[in-house]
$ cat model_18.pdb   # PDB, C-alpha atoms
ATOM      1  CA  ILE A 154      30.100  75.567  62.483
ATOM      2  CA  THR A 155      28.180  74.489  59.402
ATOM      3  CA  ALA A 156      25.027  73.784  61.403
ATOM      4  CA  TYR A 157      25.018  77.145  63.121
ATOM      5  CA  VAL A 158      25.789  79.068  59.931
ATOM      6  CA  ASP A 159      22.859  77.317  58.221
ATOM      7  CA  ARG A 160      20.668  78.083  61.212
ATOM      8  CA  ILE A 161      21.354  81.820  61.253
ATOM      9  CA  ASN A 162      21.944  82.596  57.576
ATOM     10  CA  VAL A 163      18.258  83.410  57.131
ATOM     11  CA  SER A 164      18.766  86.365  59.459
ATOM     12  CA  PHE A 165      21.392  87.787  57.089
ATOM     13  CA  ALA A 166      19.157  87.174  54.071
ATOM     14  CA  GLY A 167      16.087  88.515  55.878
ATOM     15  CA  LEU A 168      16.083  92.155  54.836
ATOM     16  CA  ASP A 169      16.462  91.521  51.127
ATOM     17  CA  MET A 170      14.341  88.378  51.169
ATOM     18  CA  THR A 171      11.372  90.009  52.890
ATOM     19  CA  LYS A 172      11.541  92.955  50.508
ATOM     20  CA  ASP A 173      11.779  90.765  47.369
ATOM     21  CA  LEU A 174       9.059  88.336  48.462
ATOM     22  CA  GLY A 175       6.810  90.892  50.145
ATOM     23  CA  PHE A 176       6.919  89.177  53.537
ATOM     24  CA  SER A 177       5.636  91.004  56.572
ATOM     25  CA  ASN A 178       7.626  90.892  59.811
ATOM     26  CA  GLU A 179       5.124  88.350  61.118
ATOM     27  CA  VAL A 180       5.605  86.015  58.145
ATOM     28  CA  PHE A 181       9.378  86.231  58.429
ATOM     29  CA  GLY A 182       9.298  85.763  62.210
ATOM     30  CA  PHE A 183       6.989  82.757  61.970
ATOM     31  CA  GLY A 184       9.055  81.139  59.228
ATOM     32  CA  SER A 185      12.270  81.751  61.131
ATOM     33  CA  GLY A 186      10.850  80.527  64.423
ATOM     34  CA  ILE A 187       9.140  77.396  63.141
ATOM     35  CA  PHE A 188      12.625  76.042  62.517
ATOM     36  CA  PHE A 189      12.918  75.425  66.255
ATOM     37  CA  LEU A 190       9.669  73.459  66.425
ATOM     38  CA  GLY A 191      11.073  70.991  63.902
ATOM     39  CA  TYR A 192      14.408  71.072  65.701
ATOM     40  CA  CYS A 193      12.878  70.185  69.070
ATOM     41  CA  LEU A 194      10.803  67.356  67.622
ATOM     42  CA  LEU A 195      13.854  65.376  66.499
ATOM     43  CA  GLU A 196      16.277  66.001  69.369
ATOM     44  CA  ILE A 197      15.330  63.045  71.567
ATOM     45  CA  PRO A 198      14.576  60.618  68.712
ATOM     46  CA  GLY A 199      17.866  61.731  67.133
ATOM     47  CA  ALA A 200      19.805  60.759  70.248
ATOM     48  CA  MET A 201      18.034  57.409  70.330
ATOM     49  CA  LEU A 202      18.644  56.721  66.645
ATOM     50  CA  VAL A 203      22.377  57.300  66.940
ATOM     51  CA  GLU A 204      22.456  54.691  69.709
ATOM     52  CA  VAL A 205      20.708  51.993  67.674
ATOM     53  CA  TRP A 206      21.925  52.909  64.216
ATOM     54  CA  SER A 207      25.406  53.769  63.003
ATOM     55  CA  ALA A 208      26.499  57.212  64.229
ATOM     56  CA  ARG A 209      28.426  57.761  61.015
ATOM     57  CA  ARG A 210      25.459  56.976  58.793
ATOM     58  CA  TRP A 211      22.987  58.932  60.950
ATOM     59  CA  ILE A 212      25.176  62.045  61.138
ATOM     60  CA  SER A 213      25.845  61.777  57.396
ATOM     61  CA  ALA A 214      22.122  61.487  56.617
ATOM     62  CA  ILE A 215      21.373  64.494  58.806
ATOM     63  CA  MET A 216      24.046  66.626  57.152
ATOM     64  CA  VAL A 217      23.094  65.697  53.590
ATOM     65  CA  THR A 218      19.404  66.319  54.287
ATOM     66  CA  TRP A 219      19.988  69.670  55.957
ATOM     67  CA  GLY A 220      22.419  70.718  53.203
ATOM     68  CA  VAL A 221      19.807  70.028  50.537
ATOM     69  CA  LEU A 222      17.034  71.746  52.497
ATOM     70  CA  ALA A 223      19.250  74.739  53.296
ATOM     71  CA  GLY A 224      19.939  75.116  49.587
ATOM     72  CA  PHE A 225      16.256  74.809  48.735
ATOM     73  CA  THR A 226      15.578  77.721  51.089
ATOM     74  CA  GLY A 227      17.171  79.943  48.469
ATOM     75  CA  LEU A 228      14.586  78.817  45.918
ATOM     76  CA  ILE A 229      11.410  79.723  47.829
ATOM     77  CA  HIS A 230       8.785  82.077  46.386
ATOM     78  CA  ASN A 231       6.120  82.479  49.055
ATOM     79  CA  ALA A 232       5.438  82.376  52.785
ATOM     80  CA  THR A 233       4.119  78.806  52.747
ATOM     81  CA  GLU A 234       7.265  77.473  51.079
ATOM     82  CA  PHE A 235       9.411  79.457  53.519
ATOM     83  CA  SER A 236       7.616  78.035  56.565
ATOM     84  CA  ILE A 237       7.651  74.465  55.261
ATOM     85  CA  ILE A 238      11.331  74.557  54.328
ATOM     86  CA  ARG A 239      12.329  76.129  57.647
ATOM     87  CA  PHE A 240      10.334  73.540  59.611
ATOM     88  CA  LEU A 241      11.887  70.695  57.612
ATOM     89  CA  LEU A 242      15.350  72.210  57.997
ATOM     90  CA  GLY A 243      14.879  72.351  61.767
ATOM     91  CA  PHE A 244      13.599  68.789  61.756
ATOM     92  CA  ALA A 245      16.579  67.619  59.692
ATOM     93  CA  GLU A 246      19.092  69.470  61.844
ATOM     94  CA  GLY A 247      17.436  68.565  65.161
ATOM     95  CA  GLY A 248      19.146  65.219  65.517
ATOM     96  CA  PHE A 249      22.639  66.570  64.878
ATOM     97  CA  PHE A 250      23.524  68.049  68.272
ATOM     98  CA  PRO A 251      22.353  65.041  70.314
ATOM     99  CA  ALA A 252      23.975  62.670  67.816
ATOM    100  CA  ILE A 253      27.340  64.388  68.221
ATOM    101  CA  VAL A 254      27.060  64.409  72.022
ATOM    102  CA  VAL A 255      26.134  60.702  72.090
ATOM    103  CA  TYR A 256      28.942  59.974  69.637
ATOM    104  CA  LEU A 257      31.426  61.753  71.904
ATOM    105  CA  THR A 258      30.231  59.726  74.906
ATOM    106  CA  HIS A 259      31.292  56.591  73.034
ATOM    107  CA  TRP A 260      34.793  57.912  72.365
ATOM    108  CA  TYR A 261      35.656  59.558  75.680
ATOM    109  CA  ARG A 262      35.484  58.429  79.281
ATOM    110  CA  ASN A 263      33.363  60.469  81.691
ATOM    111  CA  GLU A 264      36.343  62.292  83.162
ATOM    112  CA  GLU A 265      37.663  63.258  79.683
ATOM    113  CA  ARG A 266      34.375  64.200  78.045
ATOM    114  CA  GLY A 267      34.231  67.881  79.034
ATOM    115  CA  ARG A 268      37.000  69.020  76.698
ATOM    116  CA  PRO A 269      35.617  67.579  73.424
ATOM    117  CA  ILE A 270      32.093  68.746  74.235
ATOM    118  CA  ALA A 271      33.435  72.224  75.068
ATOM    119  CA  MET A 272      35.332  72.260  71.754
ATOM    120  CA  PHE A 273      32.140  71.250  69.962
ATOM    121  CA  MET A 274      30.198  74.014  71.726
ATOM    122  CA  ALA A 275      32.933  76.557  70.946
ATOM    123  CA  ALA A 276      31.963  76.173  67.293
ATOM    124  CA  ILE A 277      28.922  78.400  67.939
ATOM    125  CA  PRO A 278      30.800  81.688  68.455
ATOM    126  CA  VAL A 279      33.413  80.669  65.876
ATOM    127  CA  SER A 280      30.640  80.130  63.335
ATOM    128  CA  ALA A 281      29.409  83.676  63.877
ATOM    129  CA  MET A 282      32.926  85.023  63.315
ATOM    130  CA  ILE A 283      33.274  83.006  60.111
ATOM    131  CA  GLY A 284      29.692  83.075  58.879
ATOM    132  CA  ALA A 285      28.949  86.792  59.206
ATOM    133  CA  PRO A 286      31.646  88.061  56.824
ATOM    134  CA  ILE A 287      30.983  85.256  54.337
ATOM    135  CA  SER A 288      27.263  85.972  54.453
ATOM    136  CA  GLY A 289      27.939  89.646  53.865
ATOM    137  CA  LEU A 290      29.997  88.849  50.778
ATOM    138  CA  LEU A 291      27.442  86.391  49.419
ATOM    139  CA  LEU A 292      24.670  88.965  49.788
ATOM    140  CA  GLN A 293      26.500  91.095  47.225
ATOM    141  CA  LEU A 294      26.329  88.406  44.529
ATOM    142  CA  HIS A 295      23.910  88.738  41.644
ATOM    143  CA  TRP A 296      24.359  85.779  39.301
ATOM    144  CA  MET A 297      22.017  84.320  36.720
ATOM    145  CA  GLY A 298      19.362  86.886  37.545
ATOM    146  CA  MET A 299      19.132  85.801  41.199
ATOM    147  CA  PRO A 300      19.735  88.209  44.090
ATOM    148  CA  GLY A 301      22.435  87.714  46.689
ATOM    149  CA  TRP A 302      20.099  86.482  49.436
ATOM    150  CA  ARG A 303      19.196  83.470  47.286
ATOM    151  CA  TRP A 304      22.858  82.693  46.615
ATOM    152  CA  LEU A 305      23.631  83.074  50.307
ATOM    153  CA  LEU A 306      21.065  80.440  51.253
ATOM    154  CA  ILE A 307      21.948  78.094  48.388
ATOM    155  CA  LEU A 308      25.729  78.254  48.750
ATOM    156  CA  GLU A 309      25.760  78.009  52.534
ATOM    157  CA  GLY A 310      23.968  74.665  52.232
ATOM    158  CA  VAL A 311      26.854  73.204  50.227
ATOM    159  CA  PRO A 312      29.302  72.664  53.150
ATOM    160  CA  ALA A 313      26.724  70.538  54.991
ATOM    161  CA  LEU A 314      26.108  68.476  51.871
ATOM    162  CA  VAL A 315      29.823  67.961  51.234
ATOM    163  CA  GLY A 316      30.463  67.287  54.932
ATOM    164  CA  GLY A 317      27.660  64.744  55.030
ATOM    165  CA  VAL A 318      29.052  62.827  52.077
ATOM    166  CA  ALA A 319      32.560  62.948  53.574
ATOM    167  CA  THR A 320      31.208  61.741  56.928
ATOM    168  CA  LEU A 321      29.728  58.697  55.252
ATOM    169  CA  PHE A 322      33.140  57.625  54.004
ATOM    170  CA  TYR A 323      35.413  58.726  56.848
TER
END
$ encode --input "model_18.pdb" --output "structure tokens"
Amino acid sequence: ITAYVDRINVSFAGLDMTKDLGFSNEVFGFGSGIFFLGYCLLEIPGAMLVEVWSARRWISAIMVTWGVLAGFTGLIHNATEFSIIRFLLGFAEGGFFPAIVVYLTHWYRNEERGRPIAMFMAAIPVSAMIGAPISGLLLQLHWMGMPGWRWLLILEGVPALVGGVATLFY
């Protein structure tokens, strides 16, 4: 849920962000889309790393990194920063999905694996049901002279950071 909310929260922030930063549709589209280039680059290496390294430590490192980068997205000021942060966020998050799937293959036999993977995949529509109303509320914030879109991006990075630290210990 946290991964998908962090992946799509830029779409909620988009209207206000593009207006405040003067982004064209092309700049916003490129910055949003470059996320998936970074994401694709780490998928296969991410699956391999979880096999040779500790799944707990790898998943924790991924979550902490993406939580920090997701928060930094709320601090950008220009198109270059937006594109770099989105690429790095995709790169950081790219190993998560394959790591979880590999992790589940170590806990469940082949004939039992469908249910936990389906539950994991069910988080995608659930995240939209949870993330959309929260994002809408966060967009209304205006604290410390910062608009709601910045708070949305900063605060929605916190669950990944907290989850990553918790994953390291549990």
$ atom_distance --input "model_18.pdb" --atom1 "atom CA of Trp260 of chain A" --atom2 "atom CA of Leu195 of chain A"
23.0 Å
$ atom_distance --input "model_18.pdb" --atom1 "atom CA of Pro312 of chain A" --atom2 "atom CA of Gly220 of chain A"
7.2 Å
$ closest_residue --input "model_18.pdb" --among "A:Val318, A:Met297, A:Val255, A:Ile283" --to "Val205 of chain A" --atoms "all atoms listed in the file"
A:Val255
$ closest_residue --input "model_18.pdb" --among "A:Ile253, A:Met216, A:Ala285, A:Ile197" --to "Val311 of chain A" --atoms "only C-alpha atoms"
A:Met216
$ residues_around --input "model_18.pdb" --residues "Leu308 of chain A" --least-positions-apart "5" --cutoff "9 Å" --atoms "all atoms listed in the file" --output "list in words"
Ala223, Gly224, Gly227, Leu291 and Arg303 of chain A
$ write_last_selection --input "model_18.pdb" --atoms "C-alpha atoms" --output "PDB file, keeping the file's coordinate frame"
ATOM      1  CA  ALA A 223      19.250  74.739  53.296  1.00  0.00           C
ATOM      2  CA  GLY A 224      19.939  75.116  49.587  1.00  0.00           C
ATOM      3  CA  GLY A 227      17.171  79.943  48.469  1.00  0.00           C
ATOM      4  CA  LEU A 291      27.442  86.391  49.419  1.00  0.00           C
ATOM      5  CA  ARG A 303      19.196  83.470  47.286  1.00  0.00           C
TER       6      ARG A 303
END
$ atom_distance --input "model_18.pdb" --atom1 "atom CA of Ser185 of chain A" --atom2 "atom CA of Leu292 of chain A"
18.3 Å
$ residues_around --input "model_18.pdb" --residues "Phe176 of chain A" --least-positions-apart "5" --cutoff "9 Å" --atoms "all atoms listed in the file" --output "ChimeraX atom specification"
/A:170-171,181,231-232
$ resolve_selection --input "model_18.pdb" --expression "the PyMOL selection byres ((chain A and resi 196) around 9)" --output "PyMOL selection string"
chain A and resi 192-195+197-201+244+246-252
$ resolve_selection --input "model_18.pdb" --expression "the PyMOL selection byres ((chain A and resi 173) around 12)" --output "list of chain:residue names"
A:Ala166, A:Gly167, A:Leu168, A:Asp169, A:Met170, A:Thr171, A:Lys172, A:Leu174, A:Gly175, A:Phe176, A:Ser177, A:Ile229, A:His230, A:Asn231, A:Ala232, A:Met299, A:Pro300, A:Gly301, A:Trp302, A:Arg303
$ build_atoms --input "model_18.pdb" --residues "segment 210-230 of chain A" --atoms "N, CA, C and O atoms" --output "short mmCIF file (atom, residue, chain, number, x, y, z; two decimals), in the coordinates of the input"
data_model
loop_
_atom_site.label_atom_id
_atom_site.label_comp_id
_atom_site.auth_asym_id
_atom_site.auth_seq_id
_atom_site.Cartn_x
_atom_site.Cartn_y
_atom_site.Cartn_z
N ARG A 210 26.53 56.90 59.80
CA ARG A 210 25.46 56.98 58.79
C ARG A 210 24.37 57.96 59.20
O ARG A 210 23.83 58.68 58.36
N TRP A 211 24.03 58.02 60.49
CA TRP A 211 22.99 58.93 60.95
C TRP A 211 23.44 60.38 60.81
O TRP A 211 22.71 61.22 60.30
N ILE A 212 24.66 60.68 61.25
CA ILE A 212 25.18 62.04 61.14
C ILE A 212 25.30 62.43 59.67
O ILE A 212 24.97 63.55 59.28
N SER A 213 25.75 61.51 58.84
CA SER A 213 25.84 61.78 57.40
C SER A 213 24.47 62.07 56.80
O SER A 213 24.31 63.04 56.03
N ALA A 214 23.48 61.27 57.14
CA ALA A 214 22.12 61.49 56.62
C ALA A 214 21.57 62.83 57.05
O ALA A 214 20.94 63.55 56.26
N ILE A 215 21.82 63.20 58.30
CA ILE A 215 21.37 64.49 58.81
C ILE A 215 22.02 65.62 58.01
O ILE A 215 21.34 66.55 57.55
N MET A 216 23.33 65.54 57.82
CA MET A 216 24.05 66.63 57.15
C MET A 216 23.65 66.75 55.68
O MET A 216 23.47 67.87 55.19
N VAL A 217 23.50 65.64 55.00
CA VAL A 217 23.09 65.70 53.59
C VAL A 217 21.69 66.28 53.47
O VAL A 217 21.43 67.16 52.65
N THR A 218 20.78 65.83 54.33
CA THR A 218 19.40 66.32 54.29
C THR A 218 19.35 67.81 54.58
O THR A 218 18.69 68.58 53.88
N TRP A 219 20.06 68.25 55.63
CA TRP A 219 19.99 69.67 55.96
C TRP A 219 20.71 70.51 54.91
O TRP A 219 20.30 71.64 54.63
N GLY A 220 21.76 69.98 54.27
CA GLY A 220 22.42 70.72 53.20
C GLY A 220 21.50 70.95 52.02
O GLY A 220 21.44 72.05 51.46
N VAL A 221 20.76 69.91 51.65
CA VAL A 221 19.81 70.03 50.54
C VAL A 221 18.69 71.00 50.89
O VAL A 221 18.35 71.90 50.11
N LEU A 222 18.12 70.86 52.08
CA LEU A 222 17.03 71.75 52.50
C LEU A 222 17.50 73.19 52.65
O LEU A 222 16.78 74.12 52.29
N ALA A 223 18.71 73.38 53.17
CA ALA A 223 19.25 74.74 53.30
C ALA A 223 19.39 75.38 51.92
O ALA A 223 19.07 76.56 51.73
N GLY A 224 19.84 74.60 50.95
CA GLY A 224 19.94 75.12 49.59
C GLY A 224 18.59 75.43 48.99
O GLY A 224 18.41 76.45 48.31
N PHE A 225 17.61 74.57 49.25
CA PHE A 225 16.26 74.81 48.74
C PHE A 225 15.64 76.08 49.32
O PHE A 225 14.76 76.68 48.71
N THR A 226 16.10 76.50 50.49
CA THR A 226 15.58 77.72 51.09
C THR A 226 15.81 78.91 50.16
O THR A 226 15.01 79.84 50.12
N GLY A 227 16.88 78.87 49.41
CA GLY A 227 17.17 79.94 48.47
C GLY A 227 16.28 79.94 47.24
O GLY A 227 16.34 80.86 46.43
N LEU A 228 15.45 78.92 47.10
CA LEU A 228 14.59 78.82 45.92
C LEU A 228 13.11 79.09 46.22
O LEU A 228 12.26 78.91 45.35
N ILE A 229 12.80 79.50 47.44
CA ILE A 229 11.41 79.72 47.83
C ILE A 229 10.82 80.94 47.12
O ILE A 229 11.56 81.83 46.70
N HIS A 230 9.47 80.96 47.04
CA HIS A 230 8.78 82.08 46.39
C HIS A 230 7.63 82.66 47.20
O HIS A 230 7.10 83.69 46.84
#
